[in-house]
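**Student:** Contents are mmCIF, C-alpha atoms; file name target-v4.cif:
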```cif
data_query
loop_
_atom_site.label_atom_id
_atom_site.label_comp_id
_atom_site.auth_asym_id
_atom_site.auth_seq_id
_atom_site.Cartn_x
_atom_site.Cartn_y
_atom_site.Cartn_z
CA MET X 1 92.05 40.65 116.95
CA GLN X 2 90.13 40.26 113.71
CA ASP X 3 87.80 43.13 112.96
CA LYS X 4 85.92 42.88 109.69
CA LEU X 5 84.86 46.55 109.59
CA GLU X 6 88.36 47.77 110.39
CA ASP X 7 89.92 45.50 107.78
CA PHE X 8 87.33 46.54 105.19
CA ILE X 9 88.14 50.25 105.59
CA LYS X 10 91.91 49.68 105.59
CA GLU X 11 91.78 47.47 102.51
CA ASN X 12 89.58 49.90 100.56
CA LYS X 13 90.96 53.22 101.79
CA GLU X 14 91.79 54.48 98.28
CA GLN X 15 88.09 54.21 97.42
CA PHE X 16 87.26 56.71 100.16
CA ASP X 17 89.03 59.45 98.18
CA THR X 18 86.02 60.32 96.04
CA GLU X 19 85.99 64.12 96.32
CA VAL X 20 87.65 66.24 93.61
CA PRO X 21 88.74 69.87 94.11
CA ARG X 22 87.57 72.51 91.61
CA ALA X 23 90.02 73.73 88.96
CA GLU X 24 89.95 77.28 90.41
CA VAL X 25 92.05 76.13 93.36
CA TRP X 26 95.19 75.81 91.24
CA ASN X 27 94.57 79.28 89.73
CA LYS X 28 94.39 80.75 93.22
CA ILE X 29 97.58 78.94 94.26
CA GLN X 30 99.34 80.19 91.13
CA LYS X 31 98.22 83.75 91.86
CA GLY X 32 99.46 83.42 95.44
CA LEU X 33 102.82 82.16 94.21
CA ASP X 34 103.11 85.00 91.68
CA ASN X 35 102.45 87.58 94.42
CA SER X 36 104.96 85.87 96.66
CA ASP X 37 107.63 85.88 93.90
CA ASN X 38 107.10 89.61 93.33
CA THR X 39 107.27 90.41 97.03
CA SER X 40 110.43 88.40 97.65
CA SER X 41 112.26 89.78 94.63
CA SER X 42 111.34 93.35 95.52
CA SER X 43 112.30 92.82 99.15
CA THR X 44 115.80 91.70 98.18
CA HIS X 45 116.46 94.50 95.71
CA TRP X 46 114.75 97.55 97.11
CA PHE X 47 117.60 98.25 99.56
CA TRP X 48 119.99 98.64 96.69
CA LYS X 49 117.58 100.70 94.59
CA VAL X 50 117.00 103.14 97.44
CA ALA X 51 120.68 103.27 98.35
CA VAL X 52 121.72 103.99 94.75
CA ALA X 53 118.98 106.62 94.31
CA VAL X 54 119.98 108.38 97.53
CA LEU X 55 123.64 108.32 96.59
CA LEU X 56 122.90 109.86 93.19
CA ILE X 57 120.80 112.60 94.74
CA ALA X 58 123.46 113.36 97.35
CA VAL X 59 126.25 113.47 94.77
CA ALA X 60 124.15 115.65 92.48
CA TYR X 61 123.50 118.16 95.25
CA LEU X 62 127.09 118.16 96.50
CA GLY X 63 128.39 118.57 92.96
CA SER X 64 126.00 121.38 92.18
CA GLU X 65 126.81 123.41 95.29
CA LYS X 66 129.04 125.77 93.36
CA TYR X 67 126.21 126.59 90.95
CA PHE X 68 123.84 127.66 93.71
CA GLY X 69 124.46 131.17 94.90
CA ALA X 70 123.65 131.56 98.56
CA ASP X 71 120.65 133.84 98.81
CA VAL X 72 121.23 135.88 101.96
CA ASN X 73 117.56 136.77 102.39
CA LYS X 74 116.51 133.15 102.32
CA GLU X 75 119.34 131.77 104.47
CA SER X 76 117.86 132.35 107.90
CA THR X 77 114.43 131.02 106.82
CA ALA X 78 115.94 127.85 105.33
CA MET X 79 117.98 127.24 108.48
CA GLU X 80 114.95 127.69 110.75
CA GLU X 81 112.79 125.42 108.63
CA PHE X 82 115.53 122.84 108.48
CA LYS X 83 116.00 122.80 112.25
CA GLU X 84 112.26 122.23 112.74
CA LEU X 85 112.13 119.48 110.13
CA GLU X 86 115.26 117.84 111.49
CA ILE X 87 113.73 117.62 114.99
CA PHE X 88 110.49 116.26 113.56
CA TYR X 89 112.08 113.53 111.41
CA THR X 90 114.75 112.61 113.95
CA GLN X 91 112.01 112.00 116.52
CA MET X 92 110.04 109.81 114.07
CA ILE X 93 113.16 107.86 113.10
CA SER X 94 114.04 107.35 116.75
CA ASP X 95 110.52 106.01 117.51
CA LYS X 96 110.57 103.60 114.55
CA LYS X 97 114.08 102.40 115.41
CA THR X 98 112.95 101.61 118.95
CA LYS X 99 110.03 99.62 117.55
CA LEU X 100 112.36 97.79 115.17
CA SER X 101 114.80 96.94 117.99
CA GLU X 102 111.89 95.44 119.91
CA GLU X 103 110.96 93.26 116.92
CA VAL X 104 114.43 92.02 116.05
CA GLU X 105 117.33 91.31 118.37
CA ALA X 106 119.84 90.38 115.69
CA GLY X 107 119.67 89.16 112.12
CA GLU X 108 121.40 89.36 108.81
CA TYR X 109 118.88 91.67 107.20
CA PHE X 110 118.97 93.88 110.26
CA SER X 111 122.72 94.38 109.93
CA PHE X 112 122.14 94.95 106.21
CA LEU X 113 119.70 97.69 107.13
CA GLU X 114 122.21 99.13 109.61
CA ALA X 115 124.80 99.34 106.83
CA ASP X 116 122.36 101.23 104.60
CA ILE X 117 121.46 103.59 107.44
CA GLN X 118 125.13 104.25 108.17
CA SER X 119 125.66 105.13 104.51
CA LEU X 120 122.69 107.52 104.64
CA ASP X 121 123.95 109.06 107.89
CA GLN X 122 127.36 109.68 106.36
CA ASN X 123 125.82 111.47 103.35
CA TYR X 124 123.56 113.37 105.68
CA GLU X 125 126.43 114.62 107.90
CA GLU X 126 128.44 115.77 104.87
CA LEU X 127 125.48 117.71 103.48
CA LYS X 128 124.61 119.15 106.88
CA THR X 129 128.17 120.47 107.35
CA THR X 130 127.99 122.15 103.95
CA PHE X 131 124.54 123.54 104.75
CA GLU X 132 125.60 124.99 108.09
CA ASN X 133 128.84 126.48 106.71
CA GLY X 134 127.48 129.13 104.47
CA GLN X 135 125.38 127.13 101.98
CA GLU X 136 121.99 127.52 103.65
CA THR X 137 120.02 127.16 100.44
CA PRO X 138 116.46 125.78 100.11
CA GLN X 139 117.86 123.14 97.72
CA LEU X 140 120.28 121.78 100.30
CA LYS X 141 117.60 121.92 102.96
CA SER X 142 115.37 119.79 100.70
CA ALA X 143 118.21 117.33 100.11
CA LEU X 144 118.77 116.95 103.85
CA VAL X 145 115.07 116.42 104.52
CA HIS X 146 114.97 113.93 101.67
CA LEU X 147 117.75 111.91 103.29
CA LEU X 148 115.89 111.89 106.61
CA LYS X 149 112.75 110.70 104.79
CA GLN X 150 114.73 107.93 103.09
CA LYS X 151 116.07 106.78 106.44
CA LEU X 152 112.55 106.71 107.84
CA TYR X 153 111.35 104.83 104.76
CA LEU X 154 114.07 102.18 105.15
CA ILE X 155 113.10 101.52 108.77
CA GLU X 156 109.37 101.47 108.00
CA LYS X 157 109.90 99.05 105.11
CA GLN X 158 111.93 96.74 107.35
CA LEU X 159 109.13 96.78 109.93
CA GLU X 160 106.65 95.84 107.17
CA ILE X 161 108.84 92.91 106.07
CA LEU X 162 109.15 91.71 109.66
CA GLU X 163 105.39 91.83 110.11
CA GLU X 164 104.90 89.86 106.87
CA THR X 165 107.45 87.25 107.99
CA LYS X 166 105.74 87.00 111.38
CA SER X 167 102.31 86.40 109.82
CA GLU X 168 103.78 83.78 107.46
CA THR X 169 105.48 81.83 110.24
CA SER X 170 102.27 81.84 112.28
CA GLU X 171 100.66 79.71 109.54
CA GLY X 172 101.92 76.69 111.37
CA VAL X 173 104.38 75.31 108.85
CA SER X 174 107.40 76.05 110.99
CA SER X 175 106.09 73.67 113.65
CA LEU X 176 106.13 70.74 111.24
CA MET N 1 110.53 80.77 87.26
CA LEU N 2 108.44 79.08 84.54
CA GLY N 3 110.21 75.79 85.25
CA ASP N 4 109.39 76.16 88.93
CA ARG N 5 105.73 76.72 88.16
CA GLN N 6 105.57 73.66 85.90
CA ALA N 7 107.19 71.50 88.59
CA GLN N 8 104.77 72.89 91.16
CA TYR N 9 101.82 72.10 88.90
CA GLN N 10 103.06 68.51 88.47
CA LEU N 11 103.20 68.14 92.27
CA TYR N 12 99.75 69.70 92.55
CA LYS N 13 98.30 67.30 89.96
CA LEU N 14 99.86 64.36 91.78
CA TYR N 15 98.71 65.20 95.31
CA SER N 16 95.76 67.61 95.11
CA LYS N 17 92.98 64.99 95.06
CA ALA N 18 94.40 63.04 98.00
CA MET N 19 95.05 66.21 100.01
CA TYR N 20 91.60 67.56 99.22
CA ASN N 21 90.06 64.35 100.57
CA VAL N 22 92.24 64.50 103.70
CA SER N 23 91.04 68.05 104.23
CA PHE N 24 87.40 67.25 103.44
CA ARG N 25 87.34 64.34 105.91
CA VAL N 26 88.38 66.79 108.64
CA THR N 27 86.29 69.84 107.69
CA GLN N 28 83.26 68.14 106.08
CA ASN N 29 82.82 71.31 104.05
CA GLU N 30 83.77 71.79 100.39
CA GLN N 31 84.67 75.47 100.66
CA GLU N 32 86.74 74.97 103.81
CA ALA N 33 88.46 71.94 102.28
CA GLU N 34 89.41 74.01 99.22
CA ASP N 35 90.68 76.86 101.37
CA VAL N 36 92.84 74.40 103.30
CA LEU N 37 94.10 72.83 100.07
CA GLN N 38 95.08 76.22 98.67
CA GLU N 39 96.72 77.33 101.91
CA SER N 40 98.61 74.06 102.30
CA PHE N 41 100.08 73.97 98.78
CA LEU N 42 101.07 77.62 99.05
CA SER N 43 102.75 76.97 102.41
CA ALA N 44 104.50 73.89 101.06
CA PHE N 45 105.81 75.64 97.93
CA LYS N 46 106.92 78.73 99.84
CA ASN N 47 108.63 76.65 102.52
CA ILE N 48 110.06 73.92 100.31
CA HIS N 49 113.50 74.74 101.76
CA SER N 50 112.31 73.46 105.17
CA TYR N 51 111.41 70.05 103.67
CA LYS N 52 114.30 67.95 104.91
CA GLY N 53 113.65 64.96 102.67
CA THR N 54 113.48 62.59 105.65
CA ALA N 55 109.86 61.69 104.81
CA ALA N 56 108.18 61.34 101.43
CA PHE N 57 107.00 64.66 100.02
CA GLY N 58 103.40 63.38 100.15
CA SER N 59 103.70 62.60 103.89
CA TRP N 60 105.17 66.03 104.58
CA LEU N 61 102.39 67.69 102.57
CA LYS N 62 99.76 65.57 104.30
CA ARG N 63 100.92 66.77 107.73
CA ILE N 64 100.74 70.39 106.56
CA THR N 65 97.23 69.82 105.16
CA LEU N 66 96.05 67.99 108.27
CA ASN N 67 97.41 70.66 110.61
CA ASN N 68 95.75 73.42 108.60
CA ALA N 69 92.43 71.56 108.43
CA ILE N 70 92.45 70.71 112.15
CA ASN N 71 93.36 74.28 113.11
CA LEU N 72 90.53 75.63 110.97
CA VAL N 73 87.94 73.26 112.42
CA LYS N 74 89.22 73.77 115.98
CA LYS N 75 88.67 77.50 115.58
CA ARG N 76 85.11 76.98 114.40
CA ARG N 77 83.57 74.09 116.25
CA LEU N 78 85.66 71.07 117.14
CA ASP N 79 86.14 70.54 120.83
CA PHE N 80 88.33 67.58 121.73
CA GLU N 81 87.69 68.15 125.41
CA SER N 82 84.04 67.30 124.91
CA VAL N 83 85.09 64.02 123.31
CA GLU N 84 87.25 63.19 126.33
CA ASP N 85 84.49 64.09 128.78
CA TYR N 86 82.85 60.70 128.38
CA GLY N 87 85.24 59.33 131.01
CA ALA N 88 87.89 56.65 130.81
CA TYR N 89 87.12 53.88 128.39
CA ASP N 90 86.43 50.59 130.14
CA GLU N 91 88.36 47.92 128.26
CA ARG N 92 86.18 45.16 129.86
CA PHE N 93 83.41 46.14 127.44
CA ASP N 94 85.76 46.08 124.50
CA HIS N 95 84.76 42.70 123.13
CA GLU N 96 85.31 41.49 119.62
CA GLU N 97 82.55 42.60 117.28
CA THR N 98 81.18 39.98 114.94
CA ASP N 99 80.09 41.44 111.65
CA ASP N 100 77.69 39.13 109.88
CA ARG N 101 77.28 41.41 106.91
CA ASP N 102 79.29 42.64 103.95
CA PHE N 103 80.16 46.31 103.85
CA ASP N 104 79.72 48.81 101.07
CA VAL N 105 82.23 51.67 100.61
CA ASN N 106 79.54 54.31 99.99
CA GLN N 107 77.54 53.28 103.05
CA VAL N 108 80.61 53.21 105.29
CA LYS N 109 81.72 56.57 103.91
CA LYS N 110 78.30 58.11 104.64
CA ALA N 111 78.29 56.58 108.11
CA ILE N 112 81.76 58.03 108.82
CA GLU N 113 80.47 61.46 107.80
CA LEU N 114 77.71 61.12 110.42
CA LEU N 115 80.21 60.53 113.24
CA PRO N 116 80.84 63.39 115.72
CA ASP N 117 83.93 65.48 114.76
CA GLY N 118 86.32 63.99 117.34
CA TYR N 119 85.33 60.39 116.62
CA ARG N 120 85.51 60.87 112.86
CA LEU N 121 88.93 62.42 113.10
CA VAL N 122 90.53 59.69 115.20
CA LEU N 123 88.90 56.92 113.16
CA THR N 124 89.92 58.31 109.76
CA LEU N 125 93.43 59.24 110.93
CA TYR N 126 93.96 55.64 112.02
CA LEU N 127 92.15 53.63 109.34
CA ILE N 128 92.37 55.83 106.22
CA GLU N 129 95.35 58.15 106.70
CA GLY N 130 97.36 55.31 108.22
CA TYR N 131 98.75 57.00 111.36
CA ASP N 132 99.36 54.97 114.53
CA HIS N 133 98.02 56.07 117.91
CA LYS N 134 101.33 57.64 118.92
CA GLU N 135 101.24 59.85 115.80
CA ILE N 136 97.54 60.66 116.28
CA ALA N 137 98.25 61.68 119.87
CA GLU N 138 100.93 64.06 118.59
CA ILE N 139 98.75 65.48 115.80
CA LEU N 140 95.70 66.06 118.02
CA ASN N 141 97.65 66.95 121.14
CA ILE N 142 95.95 64.21 123.18
CA THR N 143 97.39 61.18 124.98
CA GLU N 144 98.00 57.89 123.22
CA SER N 145 95.51 56.12 125.49
CA THR N 146 92.86 58.75 124.67
CA SER N 147 93.48 58.13 120.98
CA LYS N 148 93.03 54.37 121.50
CA SER N 149 89.87 54.71 123.57
CA GLN N 150 88.38 57.27 121.16
CA PHE N 151 89.14 54.95 118.28
CA ASN N 152 87.31 52.07 119.98
CA ARG N 153 84.35 54.29 120.79
CA SER N 154 84.24 55.64 117.26
CA LYS N 155 84.20 52.11 115.78
CA LYS N 156 81.34 51.20 118.09
CA LYS N 157 79.45 54.35 117.08
CA LEU N 158 80.14 53.66 113.41
CA ARG N 159 78.61 50.19 113.70
CA GLU N 160 75.54 51.66 115.37
CA ILE N 161 75.12 54.20 112.58
CA LEU N 162 75.55 51.52 109.91
CA LYS N 163 72.93 49.39 111.63
CA GLU N 164 70.47 52.25 112.05
CA GLU N 165 70.92 53.90 108.67
CA PHE N 166 71.52 50.96 106.39
CA GLN N 167 70.00 47.92 108.10
CA HIS N 168 67.58 47.37 105.23
CA ALA N 169 70.12 48.04 102.52
CA GLY N 170 72.42 45.62 100.72
#
```
Please express the file's structure as structure tokens.
**Tutor:**
Amino acid sequence: MQDKLEDFIKENKEQFDTEVPRAEVWNKIQKGLDNSDNTSSSSTHWFWKVAVAVLLIAVAYLGSEKYFGADVNKESTAMEEFKELEIFYTQMISDKKTKLSEEVEAGEYFSFLEADIQSLDQNYEELKTTFENGQETPQLKSALVHLLKQKLYLIEKQLEILEETKSETSEGVSSL
Amino acid sequence: MLGDRQAQYQLYKLYSKAMYNVSFRVTQNEQEAEDVLQESFLSAFKNIHSYKGTAAFGSWLKRITLNNAINLVKKRRLDFESVEDYGAYDERFDHEETDDRDFDVNQVKKAIELLPDGYRLVLTLYLIEGYDHKEIAEILNITESTSKSQFNRSKKKLREILKEEFQHAG
């Protein structure tokens, strides 16, 4: 069926593209891409940075054990403080891990995180054994608490990344 | 990284005007159209790995832009249900229109802008963006027959607007 109006629009459709976007749009896109590049590169390397830092700290403390004389007066206090802090951080870690398990069933970065946590746990158990077997120093207590904090940090960071990924996928591109 | 940015800028230069117009035809608002343009290019560049190469890059980008623009307008004001509430289109009244006048791009463009959201969208998707009714049905989540009937109604409305607004012109 011939339709003059329909044919006119179809034949001249390029001429309907008269609007021009402002130059600022590209600047905003570029800024968005720069932020994205920084985020993605930091998200792939931070695991290793944290793991290496923790390992260095653990080795430094283990290696320096012989230089720290056990102060008898401070031993019981350090042990009590440690027990309190251990309960506190273990509870927080347990809560965050439950939240993380709810967010992710299985995934490569999750197993990557598990590997890092296992490494931290191993260091932690070694230090804890030393601490409980006659080396109840404030320095070792701090090292143990530091490891618990690192574990908590790893889980929290993973939760942040998951939330970012979730908000990105909800932009609708995945449905295309 | 610098090479990536240069390639992205080349793609932006090539498609930004067309995508901005696609977005503007849906939103009818400069700021919203720019927001959609920015969001769509960012999404496309970040998700370039999901571009399977089965369609032209421009077509893929156009679908991203259209989806973003439609989602934005849907959130604010567009209600496709209200467009469908007019009842089933009676094909018996769908007779061939005889146009005894020549058209002018600017007048037609202004008349299209005066169409209600739903009408404008179906009409421009079909006549300017080049989608068929099956594709429009998929994009707007309506049936193919609704797309066809809305298109016929929108053409009728467009003629009325042209007659009312520009009867003394050209």
**Student:** Between X:Leu148, X:Ile29, X:Ile87, X:Ile93, which has the minimum distance to chain N (counting only C-alpha atoms)?
**Tutor:** X:Ile29
**Student:** Up to 12 Å from (89.3, 59.1, 112.5) in the file's coordinates: name the residues, counting all atoms listed in the file, as a ChimeraX atom specification.
**Tutor:** /X:6,9-10 /N:22,25-26,66,109,112-133,136-137,139-140,147-155,157-158
**Student:** Per residue of range 29-63 of chain N within 12 Å of range 158-169 of chain X, note the shortest atom pair and the distance in Å to one decimal, counting all atoms listed in the file, and order the rows by chain and increasing residue number, as JSON lines.
**Tutor:**
```
{"residue": "N:Glu39", "atom": "CA", "partner": "X:Glu168", "partner_atom": "CA", "distance": 11.1}
{"residue": "N:Leu42", "atom": "CA", "partner": "X:Glu168", "partner_atom": "CA", "distance": 10.8}
{"residue": "N:Ser43", "atom": "CA", "partner": "X:Glu168", "partner_atom": "CA", "distance": 8.5}
{"residue": "N:Ala44", "atom": "CA", "partner": "X:Glu168", "partner_atom": "CA", "distance": 11.8}
{"residue": "N:Lys46", "atom": "CA", "partner": "X:Glu168", "partner_atom": "CA", "distance": 9.7}
{"residue": "N:Asn47", "atom": "CA", "partner": "X:Thr169", "partner_atom": "CA", "distance": 9.8}
{"residue": "N:Ser50", "atom": "CA", "partner": "X:Thr169", "partner_atom": "CA", "distance": 11.9}
```
**Student:** Mind dumping the selected residues with C-alpha atoms as a short mmCIF file (atom, residue, chain, number, x, y, z; two decimals), in the frame of the given file?
**Tutor:**
```cif
data_model
loop_
_atom_site.label_atom_id
_atom_site.label_comp_id
_atom_site.auth_asym_id
_atom_site.auth_seq_id
_atom_site.Cartn_x
_atom_site.Cartn_y
_atom_site.Cartn_z
CA GLU N 39 96.72 77.33 101.91
CA LEU N 42 101.07 77.62 99.05
CA SER N 43 102.75 76.97 102.41
CA ALA N 44 104.50 73.89 101.06
CA LYS N 46 106.92 78.73 99.84
CA ASN N 47 108.63 76.65 102.52
CA SER N 50 112.31 73.46 105.17
#
```
**Student:** When you look at Tyr9 in chain N with a cut-off of 12 Å (counting all atoms listed in the file), what residues show up, excluding the ones that are within fewer than 2 positions of it in the same chain? I need them as a list of chain:residue names.
**Tutor:** X:Ala23, X:Val25, X:Trp26, X:Asn27, X:Ile29, X:Gln30, X:Leu33, N:Leu2, N:Gly3, N:Asp4, N:Arg5, N:Gln6, N:Ala7, N:Leu11, N:Tyr12, N:Lys13, N:Leu14, N:Tyr15, N:Ser16, N:Phe41, N:Leu42, N:Phe45
**Student:** Assuming the chain letters and numbering stay as they are in my file, what does the PyMOL selection byres ((chain X) within 8 of (chain N)) actually select? List them as a PyMOL selection string.
**Tutor:** chain X and resi 1-6+8-10+12-13+15-22+25-26+28-30+32-33+171-173+176
**Student:** Which value, in Å to one decimal, gives the distance between CA of Thr90 in chain X and CA of Gln150 in chain X?
**Tutor:**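 Rounded to one decimal, the two atoms are 11.8 Å apart.
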